[in-house]
file upload-v5.cif (mmCIF, C-alpha atoms)
data_start
#
loop_
_atom_site.label_atom_id
_atom_site.label_comp_id
_atom_site.auth_asym_id
_atom_site.auth_seq_id
_atom_site.Cartn_x
_atom_site.Cartn_y
_atom_site.Cartn_z
CA MET A 1 -2.24 -151.81 163.89
CA ARG A 2 -3.44 -154.53 161.54
CA LEU A 3 -5.62 -153.15 158.77
CA ALA A 4 -7.65 -154.91 156.08
CA LEU A 5 -8.03 -152.51 153.13
CA VAL A 6 -10.92 -153.32 150.80
CA GLY A 7 -11.21 -151.74 147.36
CA PRO A 8 -10.36 -151.91 143.66
CA VAL A 9 -6.68 -152.06 142.75
CA PRO A 10 -4.96 -151.69 139.36
CA PRO A 11 -5.12 -153.04 136.79
CA PRO A 12 -6.97 -151.30 135.39
CA ALA A 13 -5.80 -147.96 136.74
CA GLY A 14 -8.46 -145.48 137.79
CA GLY A 15 -9.22 -142.87 140.42
CA MET A 16 -10.40 -145.15 143.21
CA ALA A 17 -8.06 -148.00 142.26
CA ASN A 18 -5.06 -145.66 142.35
CA GLN A 19 -6.15 -144.21 145.69
CA THR A 20 -6.57 -147.72 147.17
CA ARG A 21 -3.13 -148.83 146.00
CA GLN A 22 -1.50 -145.58 147.12
CA MET A 23 -3.13 -145.73 150.54
CA GLY A 24 -1.97 -149.31 151.04
CA GLU A 25 1.59 -148.37 150.11
CA LEU A 26 1.68 -145.30 152.36
CA LEU A 27 0.15 -147.07 155.36
CA THR A 28 2.63 -149.94 154.97
CA ARG A 29 5.54 -147.48 154.96
CA ALA A 30 4.06 -145.94 158.12
CA GLY A 31 4.28 -149.30 159.89
CA VAL A 32 0.68 -150.49 159.55
CA LYS A 33 0.28 -154.18 158.71
CA VAL A 34 -1.97 -153.96 155.66
CA THR A 35 -3.88 -156.85 154.10
CA MET A 36 -5.30 -155.92 150.69
CA VAL A 37 -8.75 -157.27 149.79
CA PRO A 38 -9.29 -156.46 146.09
CA THR A 39 -12.88 -156.06 144.95
CA THR A 40 -12.05 -156.68 141.28
CA PRO A 41 -9.81 -159.78 141.14
CA PRO A 42 -9.59 -161.82 137.92
CA TYR A 43 -12.50 -164.17 137.33
CA ARG A 44 -11.84 -167.80 138.17
CA PRO A 45 -12.51 -169.78 136.09
CA ALA A 46 -11.85 -167.28 133.30
CA TRP A 47 -14.85 -168.37 131.20
CA VAL A 48 -17.19 -167.00 133.88
CA ALA A 49 -16.35 -163.46 132.68
CA SER A 50 -18.63 -163.88 129.65
CA TRP A 51 -21.72 -164.55 131.81
CA PRO A 52 -22.75 -161.30 133.58
CA GLY A 53 -25.13 -162.78 136.17
CA LEU A 54 -23.02 -165.83 136.89
CA ARG A 55 -19.77 -163.89 137.16
CA ALA A 56 -21.31 -161.61 139.81
CA VAL A 57 -22.21 -164.66 141.90
CA PHE A 58 -18.77 -166.24 141.49
CA ARG A 59 -17.00 -163.00 142.38
CA LEU A 60 -19.24 -162.36 145.40
CA VAL A 61 -18.74 -165.85 146.83
CA GLY A 62 -14.96 -165.65 146.46
CA TYR A 63 -14.91 -162.09 147.79
CA VAL A 64 -16.86 -162.97 150.93
CA GLY A 65 -14.45 -165.84 151.59
CA VAL A 66 -11.44 -163.52 151.32
CA LEU A 67 -13.17 -160.98 153.59
CA TRP A 68 -13.87 -163.64 156.19
CA ARG A 69 -10.22 -164.65 156.33
CA ALA A 70 -8.93 -161.05 156.28
CA THR A 71 -11.13 -159.90 159.15
CA ALA A 72 -9.83 -162.75 161.31
CA ARG A 73 -6.47 -160.96 161.52
CA ALA A 74 -7.52 -157.28 161.35
CA ASP A 75 -8.00 -154.64 164.03
CA VAL A 76 -9.88 -152.37 161.60
CA LEU A 77 -11.49 -152.89 158.18
CA HIS A 78 -11.21 -149.93 155.77
CA VAL A 79 -13.71 -150.14 152.89
CA MET A 80 -13.38 -148.01 149.77
CA ALA A 81 -17.02 -147.57 148.72
CA ASN A 82 -18.81 -146.31 145.63
CA SER A 83 -22.37 -145.85 144.38
CA GLY A 84 -24.81 -148.27 142.77
CA TRP A 85 -24.09 -151.95 142.43
CA SER A 86 -20.57 -151.40 143.72
CA TRP A 87 -22.10 -150.53 147.11
CA HIS A 88 -24.43 -153.52 147.17
CA LEU A 89 -21.90 -156.08 145.88
CA PHE A 90 -18.74 -154.93 147.69
CA ALA A 91 -19.22 -152.31 150.43
CA ALA A 92 -22.34 -153.68 152.13
CA PRO A 93 -21.05 -157.31 152.28
CA ALA A 94 -17.77 -156.06 153.80
CA ILE A 95 -19.66 -154.14 156.49
CA TRP A 96 -21.79 -157.15 157.38
CA VAL A 97 -18.93 -159.66 157.39
CA ALA A 98 -16.99 -157.37 159.71
CA ALA A 99 -20.05 -156.96 161.93
CA VAL A 100 -20.33 -160.74 162.30
CA ARG A 101 -16.60 -160.88 163.04
CA ARG A 102 -16.92 -157.91 165.45
CA VAL A 103 -14.24 -155.97 163.64
CA PRO A 104 -14.77 -152.17 163.45
CA VAL A 105 -15.37 -150.83 159.94
CA VAL A 106 -14.37 -147.48 158.45
CA VAL A 107 -16.34 -146.82 155.27
CA ASN A 108 -14.52 -144.48 152.86
CA TYR A 109 -17.18 -143.36 150.37
CA ARG A 110 -16.02 -141.76 147.11
CA GLY A 111 -18.85 -142.01 144.58
CA GLY A 112 -19.49 -138.89 142.51
CA GLU A 113 -23.11 -139.95 141.96
CA ALA A 114 -23.84 -140.14 145.69
CA ALA A 115 -26.83 -137.76 145.60
CA ALA A 116 -28.75 -139.81 143.04
CA PHE A 117 -27.74 -143.11 144.65
CA LEU A 118 -28.80 -142.06 148.15
CA ALA A 119 -32.08 -140.68 146.84
CA ARG A 120 -32.89 -144.25 145.76
CA SER A 121 -31.10 -146.34 148.38
CA HIS A 122 -30.63 -144.23 151.53
CA ARG A 123 -32.62 -146.66 153.71
CA LEU A 124 -30.44 -149.63 152.71
CA VAL A 125 -27.27 -147.58 153.08
CA ARG A 126 -28.31 -146.28 156.49
CA TRP A 127 -29.19 -149.82 157.60
CA SER A 128 -25.67 -151.05 156.79
CA MET A 129 -23.98 -147.91 158.10
CA ARG A 130 -25.42 -148.51 161.58
CA ARG A 131 -22.89 -151.36 161.80
CA ALA A 132 -19.93 -149.15 160.78
CA ALA A 133 -17.66 -147.32 163.21
CA ALA A 134 -17.26 -144.30 160.92
CA LEU A 135 -18.08 -142.90 157.51
CA VAL A 136 -15.23 -140.98 155.90
CA VAL A 137 -15.67 -138.87 152.75
CA PRO A 138 -13.05 -136.87 150.83
CA SER A 139 -14.95 -133.58 150.58
CA GLY A 140 -17.39 -131.25 152.28
CA PHE A 141 -19.67 -131.81 149.30
CA LEU A 142 -20.19 -135.49 150.13
CA GLN A 143 -20.45 -134.66 153.82
CA GLN A 144 -23.44 -132.44 152.96
CA VAL A 145 -24.99 -135.10 150.72
CA PHE A 146 -24.87 -137.75 153.44
CA GLY A 147 -25.94 -135.27 156.09
CA GLY A 148 -29.10 -134.66 154.10
CA HIS A 149 -30.01 -138.30 154.80
CA ALA A 150 -29.09 -138.15 158.50
CA ILE A 151 -25.85 -140.09 157.94
CA PRO A 152 -22.94 -138.27 159.65
CA ALA A 153 -19.58 -138.25 157.89
CA LEU A 154 -16.03 -137.09 158.59
CA VAL A 155 -13.90 -135.38 155.94
CA VAL A 156 -10.52 -136.96 155.21
CA PRO A 157 -9.21 -135.63 151.87
CA ASN A 158 -7.80 -137.66 149.03
CA ILE A 159 -4.03 -138.03 148.92
CA VAL A 160 -1.82 -136.82 146.08
CA ASP A 161 1.74 -138.07 145.68
CA LEU A 162 3.76 -134.86 145.46
CA SER A 163 6.94 -136.76 144.65
CA ARG A 164 5.35 -138.22 141.51
CA PHE A 165 3.08 -135.35 140.44
CA ARG A 166 5.31 -132.28 140.30
CA PRO A 167 5.88 -129.31 137.96
CA GLN A 168 8.20 -129.68 135.02
CA ALA A 169 11.72 -128.56 135.75
CA ASP A 170 12.32 -126.28 132.76
CA GLY A 171 9.69 -123.57 133.33
CA GLU A 172 6.35 -122.95 131.66
CA ALA A 173 5.18 -125.06 128.75
CA ILE A 174 4.52 -123.25 125.47
CA ALA A 175 3.03 -125.99 123.29
CA LEU A 176 -0.68 -125.02 123.81
CA HIS A 177 -1.35 -128.58 124.93
CA VAL A 178 -4.77 -129.27 126.52
CA VAL A 179 -5.13 -132.43 128.62
CA VAL A 180 -8.37 -134.18 129.61
CA ALA A 181 -8.01 -137.01 132.13
CA ARG A 182 -11.46 -138.58 132.45
CA ASN A 183 -12.84 -141.92 131.35
CA LEU A 184 -14.82 -141.99 128.13
CA GLU A 185 -18.25 -142.24 129.77
CA PRO A 186 -21.35 -140.01 129.41
CA ILE A 187 -21.09 -138.41 132.87
CA TYR A 188 -17.63 -137.04 132.05
CA ASP A 189 -18.88 -135.28 128.88
CA ASN A 190 -15.75 -135.56 126.78
CA ALA A 191 -17.94 -134.57 123.83
CA SER A 192 -18.20 -131.03 125.21
CA ALA A 193 -14.43 -131.02 125.69
CA LEU A 194 -13.96 -131.81 121.99
CA ARG A 195 -16.44 -129.12 120.95
CA ALA A 196 -14.64 -126.62 123.18
CA PHE A 197 -11.32 -127.62 121.65
CA ALA A 198 -12.72 -127.13 118.14
CA LEU A 199 -13.72 -123.58 119.13
CA LEU A 200 -10.30 -122.98 120.71
CA ARG A 201 -8.53 -124.05 117.51
CA LYS A 202 -10.23 -121.24 115.60
CA ALA A 203 -8.27 -118.78 117.74
CA LEU A 204 -5.19 -120.96 118.35
CA PRO A 205 -4.83 -123.33 115.36
CA GLN A 206 -1.58 -124.77 116.71
CA ALA A 207 -3.26 -126.12 119.89
CA SER A 208 -3.38 -129.86 120.56
CA MET A 209 -5.34 -132.07 122.94
CA THR A 210 -4.73 -135.40 124.66
CA ILE A 211 -7.64 -137.33 126.18
CA ALA A 212 -6.41 -139.96 128.66
CA GLY A 213 -9.04 -142.53 129.53
CA SER A 214 -11.02 -145.47 128.24
CA GLY A 215 -14.68 -146.32 128.12
CA PRO A 216 -17.77 -147.05 126.02
CA GLU A 217 -17.79 -143.70 124.21
CA ALA A 218 -14.37 -144.14 122.59
CA ALA A 219 -15.62 -144.80 119.05
CA MET A 220 -18.26 -142.05 119.22
CA LEU A 221 -15.72 -139.50 120.43
CA GLU A 222 -13.25 -140.38 117.69
CA ARG A 223 -16.04 -139.90 115.12
CA LEU A 224 -16.93 -136.57 116.72
CA ALA A 225 -13.30 -135.40 116.52
CA HIS A 226 -13.33 -136.16 112.79
CA SER A 227 -16.66 -134.39 112.24
CA LEU A 228 -15.37 -131.31 114.08
CA GLY A 229 -12.24 -131.25 111.95
CA VAL A 230 -9.82 -131.65 114.88
CA ALA A 231 -8.90 -135.34 114.63
CA ASP A 232 -5.37 -134.48 113.49
CA ALA A 233 -4.80 -132.48 116.71
CA VAL A 234 -6.45 -134.86 119.22
CA ARG A 235 -4.72 -137.91 120.68
CA PHE A 236 -6.77 -140.55 122.43
CA ALA A 237 -4.14 -141.98 124.75
CA GLY A 238 -6.27 -144.65 126.42
CA ARG A 239 -5.92 -145.49 130.09
CA LEU A 240 -2.50 -144.55 131.45
CA ASP A 241 -0.77 -145.71 134.63
CA ARG A 242 0.19 -143.17 137.29
CA ASP A 243 3.75 -142.58 136.03
CA GLU A 244 2.49 -142.07 132.47
CA MET A 245 -0.16 -139.66 133.80
CA ALA A 246 2.48 -137.71 135.72
CA ALA A 247 4.53 -137.34 132.54
CA LEU A 248 1.44 -136.28 130.59
CA TYR A 249 0.65 -133.50 133.08
CA ARG A 250 4.20 -132.20 132.81
CA SER A 251 3.66 -131.82 129.06
CA ALA A 252 0.39 -129.90 129.51
CA ASP A 253 -0.35 -126.17 129.34
CA VAL A 254 -3.86 -126.51 130.76
CA MET A 255 -6.07 -129.28 132.11
CA LEU A 256 -9.77 -129.39 131.19
CA ASN A 257 -12.29 -131.25 133.36
CA PRO A 258 -15.63 -131.34 131.47
CA SER A 259 -17.47 -133.61 133.93
CA GLN A 260 -21.22 -133.31 134.53
CA VAL A 261 -21.05 -135.20 137.85
CA ASP A 262 -18.10 -135.17 140.23
CA ASN A 263 -16.98 -135.57 143.81
CA MET A 264 -13.25 -134.98 144.41
CA PRO A 265 -11.53 -135.97 141.17
CA ASN A 266 -7.92 -137.05 141.64
CA SER A 267 -7.15 -135.58 138.24
CA LEU A 268 -7.64 -132.05 139.62
CA LEU A 269 -5.29 -132.71 142.53
CA GLU A 270 -2.70 -134.22 140.19
CA ALA A 271 -2.93 -131.22 137.86
CA LEU A 272 -2.54 -128.77 140.76
CA ALA A 273 0.50 -130.68 142.02
CA SER A 274 1.97 -130.70 138.51
CA GLY A 275 1.74 -126.92 138.17
CA VAL A 276 -0.95 -127.17 135.47
CA PRO A 277 -3.73 -124.53 135.45
CA ILE A 278 -7.26 -125.96 135.49
CA VAL A 279 -10.49 -125.22 133.65
CA SER A 280 -13.31 -127.26 135.14
CA THR A 281 -17.07 -127.47 135.22
CA ASP A 282 -18.63 -126.11 138.39
CA VAL A 283 -20.28 -129.36 139.51
CA GLY A 284 -20.57 -131.49 142.64
CA GLY A 285 -17.52 -131.33 144.86
CA VAL A 286 -15.31 -129.38 142.43
CA PRO A 287 -16.00 -125.93 143.99
CA PHE A 288 -15.11 -127.47 147.36
CA MET A 289 -11.65 -128.25 145.93
CA VAL A 290 -10.82 -125.21 143.81
CA GLN A 291 -11.89 -121.57 143.91
CA ASN A 292 -12.99 -119.85 140.74
CA GLY A 293 -10.46 -117.24 139.66
CA LYS A 294 -7.96 -118.25 142.32
CA THR A 295 -6.97 -121.91 141.85
CA ALA A 296 -9.01 -122.69 138.70
CA LEU A 297 -11.46 -121.24 136.21
CA LEU A 298 -14.93 -122.77 136.65
CA VAL A 299 -17.59 -122.90 133.93
CA PRO A 300 -21.11 -124.36 133.60
CA ALA A 301 -21.39 -128.05 132.69
CA GLY A 302 -22.08 -128.72 129.02
CA ASP A 303 -21.13 -125.20 127.91
CA ALA A 304 -18.48 -125.75 125.24
CA ALA A 305 -18.26 -122.04 124.43
CA ALA A 306 -17.51 -121.15 128.06
CA MET A 307 -14.90 -123.91 128.23
CA ALA A 308 -13.22 -122.63 125.08
CA ALA A 309 -13.20 -119.04 126.35
CA ALA A 310 -11.67 -120.09 129.67
CA LEU A 311 -9.04 -122.23 127.94
CA GLN A 312 -8.10 -119.31 125.71
CA ARG A 313 -7.77 -117.00 128.73
CA VAL A 314 -5.41 -119.39 130.50
CA LEU A 315 -3.30 -119.87 127.39
CA ALA A 316 -3.21 -116.17 126.46
CA GLU A 317 -2.97 -114.37 129.81
CA ARG A 318 0.43 -115.08 131.32
CA GLY A 319 -0.37 -113.29 134.60
CA LEU A 320 -3.56 -115.30 135.13
CA ARG A 321 -1.75 -118.52 134.33
CA ARG A 322 1.02 -117.75 136.84
CA GLN A 323 -1.54 -116.86 139.52
CA LEU A 324 -3.48 -120.12 139.04
CA VAL A 325 -0.32 -122.22 139.08
CA ASP A 326 1.13 -120.60 142.21
CA ALA A 327 -2.13 -120.73 144.15
CA GLY A 328 -2.71 -124.32 143.05
CA LEU A 329 0.72 -125.47 144.19
CA GLN A 330 0.07 -123.91 147.58
CA GLU A 331 -3.45 -125.35 147.92
CA VAL A 332 -2.45 -128.91 146.99
CA GLN A 333 -0.13 -129.14 150.00
CA ARG A 334 -3.28 -129.86 152.06
CA TYR A 335 -3.56 -133.20 150.26
CA ALA A 336 -0.03 -134.41 150.96
CA TRP A 337 0.36 -137.60 152.99
CA ASP A 338 1.89 -135.82 155.98
CA GLN A 339 -1.26 -133.70 156.24
CA VAL A 340 -3.79 -136.47 155.69
CA ALA A 341 -2.11 -139.24 157.72
CA PRO A 342 -2.89 -137.76 161.18
CA LEU A 343 -6.56 -137.40 160.25
CA LEU A 344 -6.73 -141.01 159.10
CA ALA A 345 -4.85 -142.23 162.18
CA GLY A 346 -7.38 -140.48 164.40
CA VAL A 347 -10.26 -142.22 162.61
CA TYR A 348 -8.59 -145.63 163.00
CA ARG A 349 -7.87 -145.07 166.69
CA SER A 350 -11.46 -144.05 167.38
CA ALA A 351 -12.79 -147.04 165.45
CA ALA A 352 -10.49 -149.50 167.21
CA THR A 353 -11.41 -148.19 170.66
CA GLY A 354 -15.14 -148.01 169.92
CA ARG A 355 -15.42 -144.19 170.11
CA LYS A 356 -17.72 -142.38 167.72
#

call {"tool": "encode", "arguments": {"input": "upload-v5.cif", "output": "structure tokens"}}
result
Amino acid sequence: MRLALVGPVPPPAGGMANQTRQMGELLTRAGVKVTMVPTTPPYRPAWVASWPGLRAVFRLVGYVGVLWRATARADVLHVMANSGWSWHLFAAPAIWVAAVRRVPVVVNYRGGEAAAFLARSHRLVRWSMRRAAALVVPSGFLQQVFGGHAIPALVVPNIVDLSRFRPQADGEAIALHVVVARNLEPIYDNASALRAFALLRKALPQASMTIAGSGPEAAMLERLAHSLGVADAVRFAGRLDRDEMAALYRSADVMLNPSQVDNMPNSLLEALASGVPIVSTDVGGVPFMVQNGKTALLVPAGDAAAMAAALQRVLAERGLRRQLVDAGLQEVQRYAWDQVAPLLAGVYRSAATGRK
């Protein structure tokens, strides 16, 4: 099969970009002839980057040209899609170019803000999706969201690289190290994570935290860490590549996901695969991934006190920690490539042969 894979690719690294790159690598190893169509290539000429409206036009024109050439030699087009302007500027044009070229399209939607986006734009999305062979989503949560707008979807989970994300070799960590792996944006609520950590330090003053991510709230969060009196114990690591993230998980005692909106965060899968117990907010698709008290501890969004209490339980109760780790390592096997590949192959075959 010849596949054109459309989506963001690193740099910069990120959840969808890492999934796009990983999928391209795995499909290539499986014998698929993959043509990558990046949605975020460098601006040419470079000066266009400083003009928001103009750069969107330049990028769209170049992108459509690359799509046109890629679909000429593809049996199937696989589009990694997201909410908002990303849908309108990248996913929808890919669907329509493929429709003109008469190439079947598999839309792989991953946006955590799908409910709000579809509430505004479901008519436009449905209009484009009529030209697609299939809609694939990574969780039952998104399947329900799209189903509420009469858009059927198939569930094909995200993929986690179990050879890269694996438990540390020398047993349980004892450093009381809390890791947060979300970008520094309002929807991920790193501020609540810092407040929870400040509460945790009252009980466990030797605890430390690493926040891995970048974004517009960086300066505000650093100021907040100082005002809470925990700046000396918090490291803002910035955006890390996948090997650096794997090493960070192996140094962690617990992973905290403070997000207010979520779909199927790769960070949870990576933590499970790394043998790191999880405390997460109970939002969006998270309870479709992990079960409270079995594979994670779930708390309400924005509740720093509940986060701190859950973190302290994981760090203090050895039996609970062992239970979460063991159950998580078992659960994450569902997201290995050898489990996901047959599902994806079935979608491609159906698309290529015109079956719904």

call {"tool": "closest_residue", "arguments": {"input": "upload-v5.cif", "among": "A:Val340, A:Ala181, A:Gly229, A:Leu176", "to": "Arg313 of chain A", "atoms": "all atoms listed in the file"}}
result
A:Leu176

call {"tool": "residues_near_point", "arguments": {"input": "upload-v5.cif", "point": "(-13.2, -119.4, 126.6)", "cutoff": "10 Å", "atoms": "all atoms listed in the file", "output": "list in words"}}
result
Ala196, Phe197, Leu199, Leu200, Val279, Leu297, Val299, Asp303, Ala304, Ala305, Ala306, Met307, Ala308, Ala309, Ala310, Leu311, Gln312, Arg313, Val314 and Leu315 of chain A

call {"tool": "resolve_selection", "arguments": {"input": "upload-v5.cif", "expression": "the PyMOL selection byres ((chain A and resi 91-102) around 8)", "output": "list in words"}}
result
Val6, Val64, Leu67, Trp68, Thr71, Ala72, Leu77, Val79, Met80, Ala81, Asn82, Ser86, Trp87, His88, Leu89, Phe90, Val103, Pro104, Val105, Val107, Val125, Ser128, Met129, Arg131 and Ala132 of chain A

call {"tool": "residues_around", "arguments": {"input": "upload-v5.cif", "residues": "Leu142 of chain A", "least_positions_apart": "3", "cutoff": "8 Å", "atoms": "all atoms listed in the file", "output": "ChimeraX atom specification"}}
result
/A:114,137-139,145-146,263,285

call {"tool": "closest_residue", "arguments": {"input": "upload-v5.cif", "among": "A:Leu269, A:Leu184, A:Val66, A:Ala193", "to": "Ala237 of chain A", "atoms": "all atoms listed in the file"}}
result
A:Leu184

call {"tool": "build_atoms", "arguments": {"input": "upload-v5.cif", "residues": "segment 175-194 of chain A", "atoms": "N, CA and C atoms", "output": "short mmCIF file (atom, residue, chain, number, x, y, z; two decimals), in the coordinates of the input"}}
result
data_model
loop_
_atom_site.label_atom_id
_atom_site.label_comp_id
_atom_site.auth_asym_id
_atom_site.auth_seq_id
_atom_site.Cartn_x
_atom_site.Cartn_y
_atom_site.Cartn_z
N ALA A 175 3.51 -125.21 124.43
CA ALA A 175 3.03 -125.99 123.29
C ALA A 175 1.53 -125.89 123.07
N LEU A 176 0.78 -125.14 123.92
CA LEU A 176 -0.68 -125.02 123.81
C LEU A 176 -1.34 -126.41 123.85
N HIS A 177 -0.90 -127.20 124.81
CA HIS A 177 -1.35 -128.58 124.93
C HIS A 177 -2.44 -128.67 126.00
N VAL A 178 -3.63 -129.10 125.61
CA VAL A 178 -4.77 -129.27 126.52
C VAL A 178 -4.89 -130.75 126.87
N VAL A 179 -5.01 -131.06 128.17
CA VAL A 179 -5.13 -132.43 128.62
C VAL A 179 -6.49 -132.64 129.30
N VAL A 180 -7.15 -133.72 128.95
CA VAL A 180 -8.37 -134.18 129.61
C VAL A 180 -8.07 -135.55 130.18
N ALA A 181 -8.36 -135.74 131.47
CA ALA A 181 -8.01 -137.01 132.13
C ALA A 181 -9.25 -137.62 132.78
N ARG A 182 -10.24 -137.94 131.96
CA ARG A 182 -11.46 -138.58 132.45
C ARG A 182 -11.78 -139.76 131.56
N ASN A 183 -12.43 -140.77 132.15
CA ASN A 183 -12.84 -141.92 131.35
C ASN A 183 -13.87 -141.51 130.31
N LEU A 184 -13.97 -142.32 129.28
CA LEU A 184 -14.82 -141.99 128.13
C LEU A 184 -16.23 -142.52 128.40
N GLU A 185 -16.90 -141.88 129.34
CA GLU A 185 -18.25 -142.24 129.77
C GLU A 185 -19.13 -141.00 129.72
N PRO A 186 -20.46 -141.18 129.57
CA PRO A 186 -21.35 -140.01 129.41
C PRO A 186 -21.23 -138.98 130.51
N ILE A 187 -21.09 -139.39 131.79
CA ILE A 187 -21.09 -138.41 132.87
C ILE A 187 -19.88 -137.48 132.83
N TYR A 188 -18.82 -137.87 132.11
CA TYR A 188 -17.63 -137.04 132.05
C TYR A 188 -17.63 -136.10 130.84
N ASP A 189 -18.60 -136.25 129.95
CA ASP A 189 -18.88 -135.28 128.88
C ASP A 189 -17.65 -134.87 128.09
N ASN A 190 -16.90 -135.86 127.64
CA ASN A 190 -15.75 -135.56 126.78
C ASN A 190 -16.18 -134.96 125.44
N ALA A 191 -17.44 -135.16 125.07
CA ALA A 191 -17.94 -134.57 123.83
C ALA A 191 -17.89 -133.05 123.91
N SER A 192 -18.28 -132.49 125.05
CA SER A 192 -18.20 -131.03 125.21
C SER A 192 -16.75 -130.55 125.19
N ALA A 193 -15.85 -131.37 125.72
CA ALA A 193 -14.43 -131.02 125.69
C ALA A 193 -13.95 -130.92 124.24
N LEU A 194 -14.36 -131.85 123.40
CA LEU A 194 -13.96 -131.81 121.99
C LEU A 194 -14.55 -130.60 121.28
#
